[in-house]
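As structure tokens, the structure follows; a few thoughts come after it.
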Amino acid sequence: MGTDALREAGSRQHDRQRQLAELRRRMAAVPGRGESASGRRPTARETRETLPVPSALAGLLPGGGLAEGTVVSYAGARSLLTGLLAAATAHGRHAAVAGLPGLGLLAAAEMGADLRKLAVIPEPGPDPVEIAAVLLDGIDLVVLGLRGGRVAPSRARVIAARARAKGAVLVVTDGYWPDTTLRVDARIAGYAGLGAGHGRLRSFCLDVAASHRAGQPRRGRIELRPTGGRVEWCAVPAGRTAAGRIPGELPLARGAVS
Amino acid sequence: MQAGRVLAVWCQDWPAVAAAAAAGVPAARPVAVLAGGRVSACSATARAQGVRRGARRREAQVCCPDLYLAREDRDRDARLFDPVVAAVEATVPGVEVLRPGLLVLAARGAARFFGSEEAAAERIVDAVAAAGAEAQIGVADELSTAVFAARRGVLVPPGAGAQFLAPLPVGELAVEPSLAGPGRTELVDLLHRLGLRRVGDFAALRPAEVASRFGADAVLAHRCARALPERPPSARTPPPELAVAHRCDPPLDRVDAAAFAGRLLATELHAGLAAAALACTRLEVVAETEAGEQLSRIWRCARPLTPADTADRVRWQLDGWLTRADRRPAPVTVLRLVPVEVVRAGALQLGLWGGTGEDDERARRALVRVQGLLGGEAVRIGVLSGGRGPGERVTLVALGDEQVPETDPAQPWPGRLPEPAPSVLLADRPEVRLLDAAGSPVEVTERGLFSADPARLCWGTRGWRLTGWAGPWAVDDHWWGERDRPDTGPVARAQVGISAPGEDERVLLLICREGVWRAEGVYG
């Protein structure tokens, strides 16, 4: 009799699970405002593709990369942004940069970028957001420098919907963009190799914090190291900085990459 | 082309002839044109001394020490071929250009007008000689047979095409790049290894056998070997709405503006063709000028044209017209592209950047639209080039232009800064002051050392303490030339680490010229 009750309970549980799954599926099929049901992808993040990023950074990002169809806001060191461009183009995706006039393409090439797939628009004119909207049509990774400007929430929603429909990633920097999916902050943690009148800069460390819209920020430290003519991003265990420098105050590392 | 005989005019070694003409090299000197480190064309004198196509640069120089080497430049070839085309067109209208150096026309009309095919061939050779080039003529029933006949200067009697082709070596099928698809050389290699040494042996195979064992290009090569028309005559006339036109306001008189308009038009044309699932194999480029004259030329390609091909051909065309030496045409007001022959678009598989094709197409369309909004120079692609500083080592080329670096990256550049490169480059290179502990400016002495240990960096009103510095690394560029050119003269670079309380540490790349320090880039 006990087994019967258990079996009944089990089957009820099973029914409940099935009902929940069914209801979730139906909710996912309901179109959001302004989109057609056919254009909407399933909400589960694992089923969406991700844009490749440097492997040292992949541990900090949910899904192991930049989820396609999202808007990412980036602040801080320019070298990690160059690293994102390099990783995307090295894997064959197309990338374009608008509104960042001082971007170091040589640094990107050293990180492994394919310069033929990277288009640069140093002066995007009076309306850079419009240019970004045009680029989202065909380019997989669009980096937009807002040059300190703000974008109105209504416009941001339209552009985000476009990015989602085309499956492209928009990274905005240097300005205010309301309600982005992911926020990445990178700060310089230390340089190595530069002495007092001797040596030369060899590597530097960045403290990266990636915070998703819903969730705790994940922090970690990555280092840019030279390897025979090129440079690569390596993960650094928390507490250790680039060799040769005395560490200052160490950040509290949560979910750090080991 | 309707069923009728084809007359082909072939200017032998045209890239080499054009390179020699452009550089003013005397006719007796051997000339070779290099593409990617290998010889792609050489003149007859060079060939007599042992230079062959596909040889490496050093091998060619060993055979022939006073060889004049030029880099491949299709624009130059097309520009210098334009007078030849104009001369042939003046003799016989209805000329179609396959590539600079090879053109075809319908033989029937010319033969009837001049009396016989031989007479027409003589008149055309005379016309080409008057334009300053040498050509050979071939006449046959089909286009590809006529091109092979032109290489031998033969008039193939009607119906004897297959007979003429049979004893030729199978390598002939790969020798003309505008008739062959990519991979034709590998196919010919394979046929040779299989024992099919003559075109007749290959033609003796059954079409089903060829189609089942080799690819689509081999089927075309097989039809070509059998002297059959490469494509069945298309009964379809392209619908008139596929033609695109662009009214140029202000009128175009410069080649780069013309090239930009040509790129926009090519994209538009291919968008229309793609929407109709067609691809173009013969294209007419028409330009109307301010003086009311209409210039047109038909370009023909054995493979369906890609948008990049179309844009190239429009650029060559306008380059030829706008830089004509004898009679300068008035500025162009209307530019029109009319597809004359179209095929179903299943044949067009090539991607522009060697990729899957569709992604590249979409990306390129988006970039060209941005170019349309902001102007031709707004979208740039980087090309690795030679140089020492981070700014010089990447040349920015406008999208659509040839990706040629300013200086050769393969040359040794002693004094080049090693990795990592700064991720931010300050384009305006603001002036900074480097001071020592006592507050006096630090300079680079004649011996290439700092005059004193630097301790502070000042930029405008702000100042930072240095946490580390390295350098100076001096480079004396162009020491043998005049000193008055702005980018030459000795420069010294240094890396400095600056920090201020409450701010993050930063490392800058500084450059000193004539005692003035400037910030070139920021690391990190």
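Each chain in the structure tokens gets a letter, A, B, ..., in the order shown, and its residues are numbered from 1; ligands are numbered from 1 in order too.
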
Write out as an NGL selection string all residues of range 6-253 of chain A that DSSP puts in alpha helix (DSSP H) for this structure's backbone. :A and (6-29 or 55-58 or 78-90 or 105-110 or 128-135 or 153-166)

Output of the above residues as a tab-separated table (two decimals), in the first residue's frame, restricted to C-alpha atoms:
```tsv
chain	number	residue	atom	x	y	z
A	6	LEU	CA	4.32	6.58	-3.35
A	7	ARG	CA	3.59	5.70	-6.93
A	8	GLU	CA	0.53	7.92	-6.87
A	9	ALA	CA	2.47	10.76	-5.41
A	10	GLY	CA	5.13	10.21	-7.98
A	11	SER	CA	2.70	10.26	-10.84
A	12	ARG	CA	1.03	13.38	-9.50
A	13	GLN	CA	4.41	15.03	-9.31
A	14	HIS	CA	5.08	13.90	-12.82
A	15	ASP	CA	1.78	15.38	-14.00
A	16	ARG	CA	2.56	18.63	-12.29
A	17	GLN	CA	5.92	18.80	-13.98
A	18	ARG	CA	4.32	18.15	-17.31
A	19	GLN	CA	1.71	20.82	-16.70
A	20	LEU	CA	4.34	23.32	-15.69
A	21	ALA	CA	6.38	22.56	-18.78
A	22	GLU	CA	3.31	22.96	-20.95
A	23	LEU	CA	2.39	26.27	-19.38
A	24	ARG	CA	5.95	27.55	-19.73
A	25	ARG	CA	5.92	26.60	-23.38
A	26	ARG	CA	2.70	28.46	-23.94
A	27	MET	CA	4.02	31.52	-22.18
A	28	ALA	CA	7.08	31.52	-24.34
A	29	ALA	CA	4.94	31.42	-27.45
A	55	SER	CA	38.70	31.89	-23.62
A	56	ALA	CA	39.94	33.59	-20.47
A	57	LEU	CA	36.78	35.68	-20.41
A	58	ALA	CA	34.38	32.86	-21.26
A	78	ARG	CA	39.79	49.51	-24.33
A	79	SER	CA	42.05	46.46	-24.71
A	80	LEU	CA	39.39	43.96	-23.69
A	81	LEU	CA	37.01	45.46	-26.24
A	82	THR	CA	39.72	44.94	-28.84
A	83	GLY	CA	40.01	41.38	-27.54
A	84	LEU	CA	36.30	40.79	-28.13
A	85	LEU	CA	36.63	42.05	-31.71
A	86	ALA	CA	39.68	39.89	-32.26
A	87	ALA	CA	38.03	36.73	-30.97
A	88	ALA	CA	34.90	37.28	-33.05
A	89	THR	CA	36.72	37.96	-36.32
A	90	ALA	CA	39.22	35.19	-35.74
A	105	LEU	CA	43.96	47.93	-35.04
A	106	LEU	CA	47.49	46.69	-34.58
A	107	ALA	CA	46.58	45.57	-31.08
A	108	ALA	CA	43.61	43.72	-32.57
A	109	ALA	CA	45.82	42.06	-35.16
A	110	GLU	CA	48.23	40.97	-32.43
A	128	PRO	CA	25.70	57.07	-34.61
A	129	VAL	CA	22.75	55.03	-33.34
A	130	GLU	CA	21.23	55.06	-36.82
A	131	ILE	CA	24.48	53.80	-38.28
A	132	ALA	CA	24.54	51.02	-35.71
A	133	ALA	CA	20.98	50.08	-36.69
A	134	VAL	CA	22.02	49.80	-40.35
A	135	LEU	CA	25.05	47.73	-39.41
A	153	PRO	CA	14.70	54.33	-23.76
A	154	SER	CA	12.20	54.14	-26.61
A	155	ARG	CA	14.96	54.24	-29.21
A	156	ALA	CA	17.03	51.75	-27.23
A	157	ARG	CA	14.11	49.32	-27.25
A	158	VAL	CA	13.74	49.56	-31.02
A	159	ILE	CA	17.43	48.92	-31.59
A	160	ALA	CA	17.46	46.04	-29.10
A	161	ALA	CA	14.55	44.42	-30.89
A	162	ARG	CA	16.39	44.78	-34.17
A	163	ALA	CA	19.50	43.17	-32.69
A	164	ARG	CA	17.40	40.32	-31.40
A	165	ALA	CA	15.70	39.80	-34.74
A	166	LYS	CA	18.96	39.71	-36.66
```

Give me, as a PyMOL selection string, all polymer residues having an atom no more than 8 Å from range 170-184 of chain B, counting only C-alpha atoms and skipping those fewer than 6 positions away in the same chain. chain B and resi 98-99+144+148+191-192+196-199+202+217-218+221+225+301-303

For the selection you just gave me, I'd like the residues written to a file as a CSV table (one decimal), in the first residue's frame, keeping N, CA and C atoms.
```csv
chain,number,residue,atom,x,y,z
B,98,LEU,N,36.3,40.4,-72.6
B,98,LEU,CA,36.4,39.3,-71.5
B,98,LEU,C,37.3,39.7,-70.4
B,99,ARG,N,38.4,40.2,-70.7
B,99,ARG,CA,39.3,40.7,-69.7
B,99,ARG,C,40.3,41.6,-70.5
B,144,SER,N,34.9,29.7,-76.7
B,144,SER,CA,36.2,29.2,-76.2
B,144,SER,C,37.1,28.6,-77.3
B,148,PHE,N,41.0,29.8,-78.1
B,148,PHE,CA,42.2,28.9,-78.3
B,148,PHE,C,42.7,29.1,-79.7
B,191,LEU,N,43.4,15.4,-64.7
B,191,LEU,CA,43.2,14.7,-66.0
B,191,LEU,C,44.6,14.2,-66.5
B,192,HIS,N,45.6,15.1,-66.4
B,192,HIS,CA,46.9,14.7,-66.9
B,192,HIS,C,47.4,13.4,-66.2
B,196,LEU,N,44.8,11.4,-69.4
B,196,LEU,CA,44.1,12.1,-70.5
B,196,LEU,C,45.0,13.3,-70.9
B,197,ARG,N,45.9,13.0,-71.8
B,197,ARG,CA,46.9,14.1,-72.1
B,197,ARG,C,46.5,15.1,-73.1
B,198,ARG,N,45.5,14.7,-73.9
B,198,ARG,CA,45.1,15.6,-75.0
B,198,ARG,C,43.6,15.9,-74.8
B,199,VAL,N,43.3,17.1,-75.3
B,199,VAL,CA,41.9,17.6,-75.2
B,199,VAL,C,41.0,16.6,-75.9
B,202,PHE,N,40.0,13.8,-73.5
B,202,PHE,CA,39.0,14.3,-72.5
B,202,PHE,C,37.6,14.4,-73.2
B,217,ASP,N,32.4,22.5,-62.8
B,217,ASP,CA,33.4,23.2,-63.7
B,217,ASP,C,33.9,22.2,-64.7
B,218,ALA,N,34.0,20.9,-64.3
B,218,ALA,CA,34.6,20.0,-65.3
B,218,ALA,C,33.5,19.7,-66.4
B,221,ALA,N,34.1,22.4,-68.7
B,221,ALA,CA,35.4,22.2,-69.5
B,221,ALA,C,35.2,21.1,-70.6
B,225,ALA,N,35.7,21.4,-74.5
B,225,ALA,CA,36.6,20.5,-75.2
B,225,ALA,C,35.9,19.9,-76.4
B,301,CYS,N,31.7,37.6,-69.0
B,301,CYS,CA,32.5,36.8,-68.1
B,301,CYS,C,32.0,35.4,-68.3
B,302,ALA,N,32.8,34.4,-68.3
B,302,ALA,CA,32.4,33.0,-68.5
B,302,ALA,C,31.7,32.6,-67.2
B,303,ARG,N,32.2,33.0,-66.1
B,303,ARG,CA,31.5,32.7,-64.8
B,303,ARG,C,30.5,33.8,-64.5
```

Chain A contacts on chain B, only C-alpha atoms, 7 Å, as a ChimeraX atom specification: /B:362-363,366-367,370,378-383,390,393-394,419-427,468-471,504,524

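The coordinates place CA of Ala86 in chain B at 24.2 Å from CA of Cys248 in chain B.
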
Using only C-alpha atoms, which residues sit within 10 Å of range 7-9 of chain B once same-chain residues fewer than 2 positions away are excluded, as JSON, numbers by chain? {"B": [4, 5, 11, 12, 85, 88, 95, 96, 97, 98, 101, 102, 103, 104, 105, 106, 107, 108, 110, 111, 117, 120, 121, 124, 125, 128, 134, 135, 136, 137, 138, 139, 140, 141, 142, 143, 144, 145, 146, 147, 148, 149, 150, 151, 153, 155]}

Mind checking which residues fall within 8 Å of range 64-71 of chain B, counting only C-alpha atoms, ignoring those fewer than 5 positions away in the same chain, and posting them as number ranges by chain? B: 19, 29-35, 46, 49-51

Would you mind exporting C-alpha atoms of the selected residues as a PDB file, in the first residue's frame?
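part.pdb written:
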```pdb
ATOM      1  CA  ALA B  19      53.353  47.259 -67.197  1.00  0.00           C
ATOM      2  CA  ARG B  29      63.935  44.560 -72.159  1.00  0.00           C
ATOM      3  CA  PRO B  30      62.200  41.486 -70.711  1.00  0.00           C
ATOM      4  CA  VAL B  31      59.287  42.245 -68.408  1.00  0.00           C
ATOM      5  CA  ALA B  32      57.476  40.059 -65.886  1.00  0.00           C
ATOM      6  CA  VAL B  33      54.446  40.777 -63.719  1.00  0.00           C
ATOM      7  CA  LEU B  34      54.287  39.337 -60.224  1.00  0.00           C
ATOM      8  CA  ALA B  35      51.171  38.427 -58.347  1.00  0.00           C
ATOM      9  CA  ALA B  46      61.443  37.052 -70.994  1.00  0.00           C
ATOM     10  CA  GLN B  49      65.171  33.525 -71.699  1.00  0.00           C
ATOM     11  CA  GLY B  50      63.421  30.934 -69.608  1.00  0.00           C
ATOM     12  CA  VAL B  51      60.935  32.802 -67.399  1.00  0.00           C
TER      13      VAL B  51
END
```

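CA of Glu186 in chain B sits 28.9 Å away from CA of Glu341 in chain B.
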
Separating CA of Leu305 in chain B from CA of Cys280 in chain B, to the nearest tenth of an Å, is a gap of 5.8 Å

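Inside range 86-220 of chain B, the residues DSSP reads as strand (DSSP E or B) when given the backbone are B:Val95, B:Glu96, B:Val97, B:Leu98, B:Arg99, B:Leu102, B:Leu103, B:Val104, B:Leu105, B:Ala106, B:Gln136, B:Ile137, B:Gly138, B:Val139, B:Ala140, B:Leu155, B:Pro169, B:Arg198.
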
Counting only C-alpha atoms, which of A:Arg183, A:Val151, A:Pro54, A:Leu60 gets nearest to Val72 in chain A?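 Closest candidate: A:Arg183.
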
Which residues are close to Val368 in chain B, i.e. within 9 Å by only C-alpha atoms, leaving aside same-chain residues fewer than 6 positions away? Reply as a PyMOL selection string. chain B and resi 263-264+267+376+379+399-400

Excluding Val71 in chain A and its own-chain neighbours fewer than 2 positions away, which residues fall within 8 Å of it when counting only C-alpha atoms? Please give them as a list of chain:residue names.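 Everything that qualifies: A:Gly69, A:Ser73, A:Ala160, A:Ala163, A:Val169, A:Leu170, A:Val171, A:Val172, A:Thr180, A:Thr181, A:Leu182.
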
Save the residues we just selected, N, CA and C atoms, as a compact mmCIF listing (two decimals), in the first residue's frame?
```txt
# COMPACT_ATOMS: atom_id res chain seq x y z
N GLY A 69 21.99 38.44 -30.23
CA GLY A 69 20.70 39.12 -30.13
C GLY A 69 20.58 39.99 -28.89
N SER A 73 26.67 46.42 -22.47
CA SER A 73 27.29 47.71 -22.23
C SER A 73 28.67 47.47 -21.65
N ALA A 160 17.28 47.36 -29.73
CA ALA A 160 17.46 46.04 -29.10
C ALA A 160 16.61 45.00 -29.80
N ALA A 163 18.36 44.06 -32.95
CA ALA A 163 19.50 43.17 -32.69
C ALA A 163 19.02 41.75 -32.44
N VAL A 169 25.09 41.05 -32.02
CA VAL A 169 25.42 41.57 -30.70
C VAL A 169 25.81 43.02 -30.85
N LEU A 170 25.22 43.86 -30.02
CA LEU A 170 25.57 45.28 -30.03
C LEU A 170 26.27 45.59 -28.72
N VAL A 171 27.49 46.09 -28.80
CA VAL A 171 28.23 46.49 -27.61
C VAL A 171 28.30 48.00 -27.61
N VAL A 172 27.79 48.62 -26.54
CA VAL A 172 27.82 50.08 -26.49
C VAL A 172 28.80 50.49 -25.42
N THR A 180 20.52 47.34 -20.56
CA THR A 180 21.23 46.37 -21.39
C THR A 180 21.16 45.01 -20.72
N THR A 181 21.38 43.97 -21.54
CA THR A 181 21.29 42.61 -21.00
C THR A 181 22.48 42.28 -20.12
N LEU A 182 23.66 42.72 -20.54
CA LEU A 182 24.87 42.36 -19.84
C LEU A 182 25.71 43.61 -19.67
```

I want to know what sits within 8 Å of Val219 in chain B, based on only C-alpha atoms, with residues of the same chain fewer than 4 positions away left out; could you give that as a list of chain:residue names? B:Pro207, B:Val210, B:Ala211, B:Phe214, B:Gly215, B:Arg223

How would the residues just picked look written out with C-alpha atoms as a short mmCIF file (atom, residue, chain, number, x, y, z; two decimals), in the first residue's frame?
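To be explicit, this is the file written out as result33.cif:
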```cif
data_model
loop_
_atom_site.label_atom_id
_atom_site.label_comp_id
_atom_site.auth_asym_id
_atom_site.auth_seq_id
_atom_site.Cartn_x
_atom_site.Cartn_y
_atom_site.Cartn_z
CA PRO B 207 29.17 13.71 -70.35
CA VAL B 210 32.38 13.49 -66.38
CA ALA B 211 29.44 14.78 -64.39
CA PHE B 214 34.15 15.55 -61.41
CA GLY B 215 32.50 18.83 -60.50
CA ARG B 223 31.62 21.04 -73.30
#
```
